[in-house]
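Undergrad: Encoded as structure tokens, here's the structure I'll be asking about.
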Protein chains: 2
Amino acid sequence: MRILIDMDDVLADAVERFFEWYERDFGIRYTKADIPGKHFYQIVPDEHKQLVRSYPHQKGFFKDLPVIQDAKETVEVLSRMHELYIVSAAMEFKYSFTDKYEWLDEHFPFIHWKQRIFCGNKHLVKGDVLIDDHDFNLSVFPGRPIVFTAPHNIHYKEYERMNTWLEAKNFFEGMP
Amino acid sequence: MRILIDMDDVLADAVERFFEWYERDFGIRYTKADIPGKHFYQIVPDEHKQLVRSYPHQKGFFKDLPVIQDAKETVEVLSRMHELYIVSAAMEFKYSFTDKYEWLDEHFPFIHWKQRIFCGNKHLVKGDVLIDDHDFNLSVFPGRPIVFTAPHNIHYKEYERMNTWLEAKNFFEGMP
């Protein structure tokens, strides 16, 4: 089975970087429990929205992001049983490429460069399963789309869901 | 029609960068006429092969490459008539991403980031036509593969061929 896996908020905890930079800039630390059903920029004061939305376009945003719990161990197991690709819509963020690549080298060294795709639009990429946190990627995927739980997607009803990488491990166990 | 276009030696003249760096290192300037049917590393002395093969892995190799003749004008025309994507196997070269992205911004600003893909293996990317210089990309493409002439591919017999971007323009003219 060919499994496509998104990076941000599926393997790498980008939401935490928003909280970290916002605390740096405004002295207030948010947590994921504060933003159910929302993107972070939606809950900050209007005068901060533009800055917060610019964070991922700034240098260093994607550097050394925390790894989502159990992602590394599960993806390593899956990579031995399935044809696995990391597919990140990195093209929106021109300073993200090297940080993302080095992050994969550090935390997912078993993902060969031949298994990495940085794209703009994921609807061109062929696979059996896509694990992603965004409706705009999942909705155009011609295979089996699976939403990976993040604060901004808890209300999605249209897709199979994985809340954790342990659930993902169980889901794929025994699949051909 | 969805047209996928490779970068190196299709839009960007990477072969010239090999000649330029080899001249910098060894004082001898080669031209494309010197390497029919070959990759450049195949014709240099054995003791230089490893260094020459390392060039594209070094920082700056892909920066400010010359644009292949008539590429810009033709691709701009095609982009108005077709669904067009730039698909580069950039993942092999971890220092290439930003240089390649900025090169597209400079010379092909009409190619939106949503139309850019940096991948390892092109066989996952869906399209109707692929214009590429390498057999390892063309041979696995499920659509219509078209070889764009470069010194190392002049002996390919298996594919439709475009020698120039003017030929490409004529080829696609009037296509749906």
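Following the order of the structure tokens, chains are lettered A, B, ..., residues in each are numbered from 1, and ligands are numbered from 1.
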Which residues of chain A come within 8 Å of chain B, and for each one, what is the closest pair of atoms and their distance in Å to one decimal, counting only C-alpha atoms, sorted by chain and residue number, as CSV?
TA:
residue,atom,partner,partner_atom,distance
A:Met91,CA,B:Trp113,CA,5.5
A:Glu92,CA,B:Trp113,CA,6.2
A:Lys94,CA,B:Thr98,CA,7.0
A:Tyr95,CA,B:Thr98,CA,7.3
A:Phe97,CA,B:Phe97,CA,6.3
A:Thr98,CA,B:Lys94,CA,7.0
A:Tyr101,CA,B:Lys94,CA,7.3
A:Trp113,CA,B:Met91,CA,5.5
A:Lys114,CA,B:Gly120,CA,3.8
A:Gln115,CA,B:Gly120,CA,6.1
A:Arg116,CA,B:Gly120,CA,5.9
A:Ile117,CA,B:Cys119,CA,4.3
A:Phe118,CA,B:Phe118,CA,5.1
A:Cys119,CA,B:Ile117,CA,4.3
A:Gly120,CA,B:Lys114,CA,3.8
A:Asn121,CA,B:Lys114,CA,5.2
A:Leu124,CA,B:Lys126,CA,5.2
A:Val125,CA,B:Val125,CA,4.9
A:Lys126,CA,B:Leu124,CA,5.2
A:Gly127,CA,B:Leu124,CA,7.5
Undergrad: Can those selected residues be exported to a file as a compact mmCIF listing (two decimals), in the first residue's frame so that it contains N, CA, C and O atoms?
TA:
# COMPACT_ATOMS: atom_id res chain seq x y z
N MET A 91 5.77 24.40 -0.55
CA MET A 91 6.01 25.45 -1.54
C MET A 91 5.43 26.81 -1.14
O MET A 91 5.87 27.84 -1.62
N GLU A 92 4.44 26.80 -0.23
CA GLU A 92 3.87 28.06 0.23
C GLU A 92 4.89 28.86 1.06
O GLU A 92 4.79 30.07 1.17
N LYS A 94 8.71 29.67 1.42
CA LYS A 94 9.97 29.54 0.68
C LYS A 94 11.19 29.37 1.58
O LYS A 94 12.24 29.00 1.10
N TYR A 95 11.07 29.67 2.86
CA TYR A 95 12.21 29.44 3.75
C TYR A 95 12.11 28.12 4.50
O TYR A 95 12.89 27.86 5.41
N PHE A 97 12.18 24.92 3.18
CA PHE A 97 12.67 23.69 2.54
C PHE A 97 13.82 23.02 3.29
O PHE A 97 13.78 21.85 3.62
N THR A 98 14.88 23.79 3.54
CA THR A 98 16.06 23.20 4.16
C THR A 98 15.75 22.75 5.59
O THR A 98 16.16 21.67 6.02
N TYR A 101 13.79 19.54 5.37
CA TYR A 101 14.64 18.44 4.90
C TYR A 101 15.56 17.95 6.03
O TYR A 101 15.69 16.75 6.27
N TRP A 113 15.56 10.22 0.48
CA TRP A 113 15.15 11.43 -0.29
C TRP A 113 14.21 11.07 -1.43
O TRP A 113 13.41 11.92 -1.86
N LYS A 114 14.28 9.85 -1.92
CA LYS A 114 13.35 9.46 -3.00
C LYS A 114 11.90 9.37 -2.50
O LYS A 114 10.97 9.31 -3.29
N GLN A 115 11.74 9.33 -1.17
CA GLN A 115 10.41 9.23 -0.56
C GLN A 115 9.91 10.58 -0.02
O GLN A 115 9.04 10.61 0.84
N ARG A 116 10.50 11.68 -0.51
CA ARG A 116 10.12 13.00 0.00
C ARG A 116 9.59 13.87 -1.14
O ARG A 116 10.20 13.91 -2.21
N ILE A 117 8.49 14.54 -0.90
CA ILE A 117 7.90 15.42 -1.90
C ILE A 117 7.50 16.73 -1.23
O ILE A 117 6.76 16.73 -0.25
N PHE A 118 8.03 17.84 -1.77
CA PHE A 118 7.58 19.18 -1.36
C PHE A 118 6.79 19.74 -2.53
O PHE A 118 7.34 19.90 -3.63
N CYS A 119 5.52 20.01 -2.32
CA CYS A 119 4.69 20.46 -3.43
C CYS A 119 3.86 21.66 -3.02
O CYS A 119 3.92 22.13 -1.88
N GLY A 120 3.10 22.17 -3.98
CA GLY A 120 2.16 23.23 -3.67
C GLY A 120 0.79 22.62 -3.47
O GLY A 120 0.13 22.82 -2.46
N ASN A 121 0.42 21.82 -4.43
CA ASN A 121 -0.93 21.27 -4.51
C ASN A 121 -0.83 19.75 -4.48
O ASN A 121 -0.21 19.15 -5.36
N LEU A 124 -1.98 16.24 -7.28
CA LEU A 124 -1.25 15.58 -8.35
C LEU A 124 -0.58 14.29 -7.90
O LEU A 124 -0.07 13.53 -8.73
N VAL A 125 -0.49 14.08 -6.60
CA VAL A 125 0.34 13.00 -6.09
C VAL A 125 -0.51 11.74 -5.87
O VAL A 125 -1.53 11.78 -5.17
N LYS A 126 -0.07 10.67 -6.50
CA LYS A 126 -0.83 9.43 -6.47
C LYS A 126 -0.50 8.59 -5.24
O LYS A 126 0.67 8.36 -4.94
N GLY A 127 -1.51 8.10 -4.54
CA GLY A 127 -1.27 7.21 -3.41
C GLY A 127 -2.56 6.51 -3.03
O GLY A 127 -3.64 6.85 -3.52
Undergrad: Hey, what's within 9 Å of B:Val75 if we count only C-alpha atoms and toss same-chain stuff fewer than 6 positions away? As a count of residues only, please?
TA: 4
Undergrad: Pick out the residues sitting within 9 Å of B:Leu11, and hand them over as a PDB file with N, CA and C atoms, in the first residue's frame; count only C-alpha atoms, and ignore anything fewer than 3 positions along from it in its own chain.
TA:
ATOM      1  N   ILE B   5       6.892  19.736 -16.378  1.00  0.00           N
ATOM      2  CA  ILE B   5       8.157  20.159 -16.979  1.00  0.00           C
ATOM      3  C   ILE B   5       9.275  20.060 -15.953  1.00  0.00           C
ATOM      4  N   ASP B   6      10.311  19.349 -16.312  1.00  0.00           N
ATOM      5  CA  ASP B   6      11.526  19.231 -15.505  1.00  0.00           C
ATOM      6  C   ASP B   6      12.280  20.563 -15.506  1.00  0.00           C
ATOM      7  N   MET B   7      13.192  20.750 -14.553  1.00  0.00           N
ATOM      8  CA  MET B   7      13.984  21.991 -14.523  1.00  0.00           C
ATOM      9  C   MET B   7      15.366  21.834 -15.170  1.00  0.00           C
ATOM     10  N   ASP B   8      16.219  20.996 -14.563  1.00  0.00           N
ATOM     11  CA  ASP B   8      17.620  20.974 -14.982  1.00  0.00           C
ATOM     12  C   ASP B   8      17.781  20.406 -16.385  1.00  0.00           C
ATOM     13  N   PRO B  66      21.910  29.688 -16.233  1.00  0.00           N
ATOM     14  CA  PRO B  66      21.344  30.280 -17.450  1.00  0.00           C
ATOM     15  C   PRO B  66      20.012  29.606 -17.811  1.00  0.00           C
ATOM     16  N   VAL B  67      19.119  30.370 -18.416  1.00  0.00           N
ATOM     17  CA  VAL B  67      17.836  29.825 -18.877  1.00  0.00           C
ATOM     18  C   VAL B  67      18.047  29.218 -20.265  1.00  0.00           C
ATOM     19  N   ILE B  68      17.506  28.034 -20.476  1.00  0.00           N
ATOM     20  CA  ILE B  68      17.585  27.403 -21.804  1.00  0.00           C
ATOM     21  C   ILE B  68      16.852  28.289 -22.818  1.00  0.00           C
ATOM     22  N   GLN B  69      17.432  28.399 -24.008  1.00  0.00           N
ATOM     23  CA  GLN B  69      16.902  29.324 -25.025  1.00  0.00           C
ATOM     24  C   GLN B  69      15.397  29.125 -25.297  1.00  0.00           C
ATOM     25  N   ALA B  71      12.931  29.096 -23.515  1.00  0.00           N
ATOM     26  CA  ALA B  71      12.119  28.394 -22.509  1.00  0.00           C
ATOM     27  C   ALA B  71      11.089  29.335 -21.886  1.00  0.00           C
ATOM     28  N   LYS B  72      11.556  30.509 -21.494  1.00  0.00           N
ATOM     29  CA  LYS B  72      10.693  31.433 -20.762  1.00  0.00           C
ATOM     30  C   LYS B  72       9.458  31.812 -21.590  1.00  0.00           C
TER      31      LYS B  72
END
Undergrad: Of the residues B:Leu130, B:Phe141, B:Asn163, B:Lys32, which is the one nearest to B:Asp13, using only C-alpha atoms?
TA: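 Of B:Leu130, B:Phe141, B:Asn163, B:Lys32, the one nearest B:Asp13, counting only C-alpha atoms, is B:Lys32.
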Undergrad: Neighbours of A:Phe26 within 12 Å (only C-alpha atoms; same-chain residues fewer than 4 positions away dropped), as number ranges by chain?
TA: A: 18-22, 30, 44-45, 47-48, 51-52
Undergrad: Save the residues we just selected, C-alpha atoms, as a CSV table (one decimal), in the first residue's frame?
TA:
chain,number,residue,atom,x,y,z
A,18,PHE,CA,3.0,29.4,16.8
A,19,PHE,CA,2.5,29.4,20.6
A,20,GLU,CA,6.2,29.7,21.3
A,21,TRP,CA,6.7,32.7,18.9
A,22,TYR,CA,3.5,34.4,20.1
A,30,TYR,CA,-1.4,29.4,24.7
A,44,VAL,CA,-5.6,36.3,18.7
A,45,PRO,CA,-6.6,40.0,18.7
A,47,GLU,CA,-4.1,43.6,15.4
A,48,HIS,CA,-2.0,40.5,15.9
A,51,LEU,CA,1.8,38.9,12.2
A,52,VAL,CA,0.8,35.5,13.4
Undergrad: At a cut-off of 9 Å, using only C-alpha atoms, what residues contact A:Asp64? Leave out same-chain residues fewer than 3 positions from it and give the result as an MDAnalysis selection string.
TA: chainID A and resid 12 60:61 67 99:100 102:103
Undergrad: Given the selection you just returned, output its residues as a file containing N, CA and C atoms, formatted as a PDB file, in the first residue's frame.
TA:
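New file selection.pdb:
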ATOM      1  N   ALA A  12       5.238  16.801  12.544  1.00  0.00           N
ATOM      2  CA  ALA A  12       5.936  17.902  13.234  1.00  0.00           C
ATOM      3  C   ALA A  12       4.921  18.832  13.879  1.00  0.00           C
ATOM      4  N   GLY A  60      13.235  30.112   9.935  1.00  0.00           N
ATOM      5  CA  GLY A  60      13.382  29.426  11.216  1.00  0.00           C
ATOM      6  C   GLY A  60      12.113  28.838  11.790  1.00  0.00           C
ATOM      7  N   PHE A  61      10.958  29.167  11.182  1.00  0.00           N
ATOM      8  CA  PHE A  61       9.704  28.673  11.772  1.00  0.00           C
ATOM      9  C   PHE A  61       9.676  27.142  11.846  1.00  0.00           C
ATOM     10  N   VAL A  67       8.586  16.634  17.565  1.00  0.00           N
ATOM     11  CA  VAL A  67       7.979  15.517  16.839  1.00  0.00           C
ATOM     12  C   VAL A  67       6.673  15.146  17.529  1.00  0.00           C
ATOM     13  N   ASP A  99      14.987  23.576   6.315  1.00  0.00           N
ATOM     14  CA  ASP A  99      14.610  23.196   7.685  1.00  0.00           C
ATOM     15  C   ASP A  99      13.806  21.887   7.684  1.00  0.00           C
ATOM     16  N   LYS A 100      12.888  21.771   6.755  1.00  0.00           N
ATOM     17  CA  LYS A 100      12.066  20.565   6.700  1.00  0.00           C
ATOM     18  C   LYS A 100      12.911  19.337   6.314  1.00  0.00           C
ATOM     19  N   GLU A 102      16.165  18.901   6.714  1.00  0.00           N
ATOM     20  CA  GLU A 102      17.085  18.533   7.808  1.00  0.00           C
ATOM     21  C   GLU A 102      16.320  17.923   8.985  1.00  0.00           C
ATOM     22  N   TRP A 103      15.104  18.378   9.187  1.00  0.00           N
ATOM     23  CA  TRP A 103      14.250  17.806  10.234  1.00  0.00           C
ATOM     24  C   TRP A 103      13.962  16.331   9.927  1.00  0.00           C
TER      25      TRP A 103
END
Undergrad: So the first atom is atom CA of B:Glu158 and the second is atom CA of B:Arg144; what is the distance between them in Å, to one decimal place?
TA: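 Separation between atom CA of B:Glu158 and atom CA of B:Arg144: 11.4 Å.
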Undergrad: Among stretch 38-175 of chain A, which ones does DSSP place in strand (DSSP E or B), written as a list in words?
TA: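 In stretch 38-175 of chain A, DSSP puts these residues in strand (DSSP E or B): Val67, Glu83, Leu84, Tyr85, Ile86, Val87, Ser88, Arg116, Ile117, Phe118, Cys119, Val125, Val129, Leu130, Ile131, Asp132, Arg144, Pro145, Ile146, Val147, Phe148, Glu160, Arg161 and Met162 of chain A.
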Undergrad: Could you pull out all residues of chain B with a DSSP call of alpha helix (DSSP H) and give them as a ChimeraX atom specification?
TA: /B:14-26,46-54,71-81,97-107,135-138,165-172
Undergrad: Could you state the separation of atom CA of A:Ala14 and atom CA of A:Pro142 in Å, given to one decimal place?
TA: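 Taking atom CA of A:Ala14 and atom CA of A:Pro142, their separation equals 26.1 Å.
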Undergrad: Hey, can you check how far atom CA of A:Lys157 sits from atom CA of A:Asp135?
TA: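 Here the two named atoms are 10.4 Å from each other.
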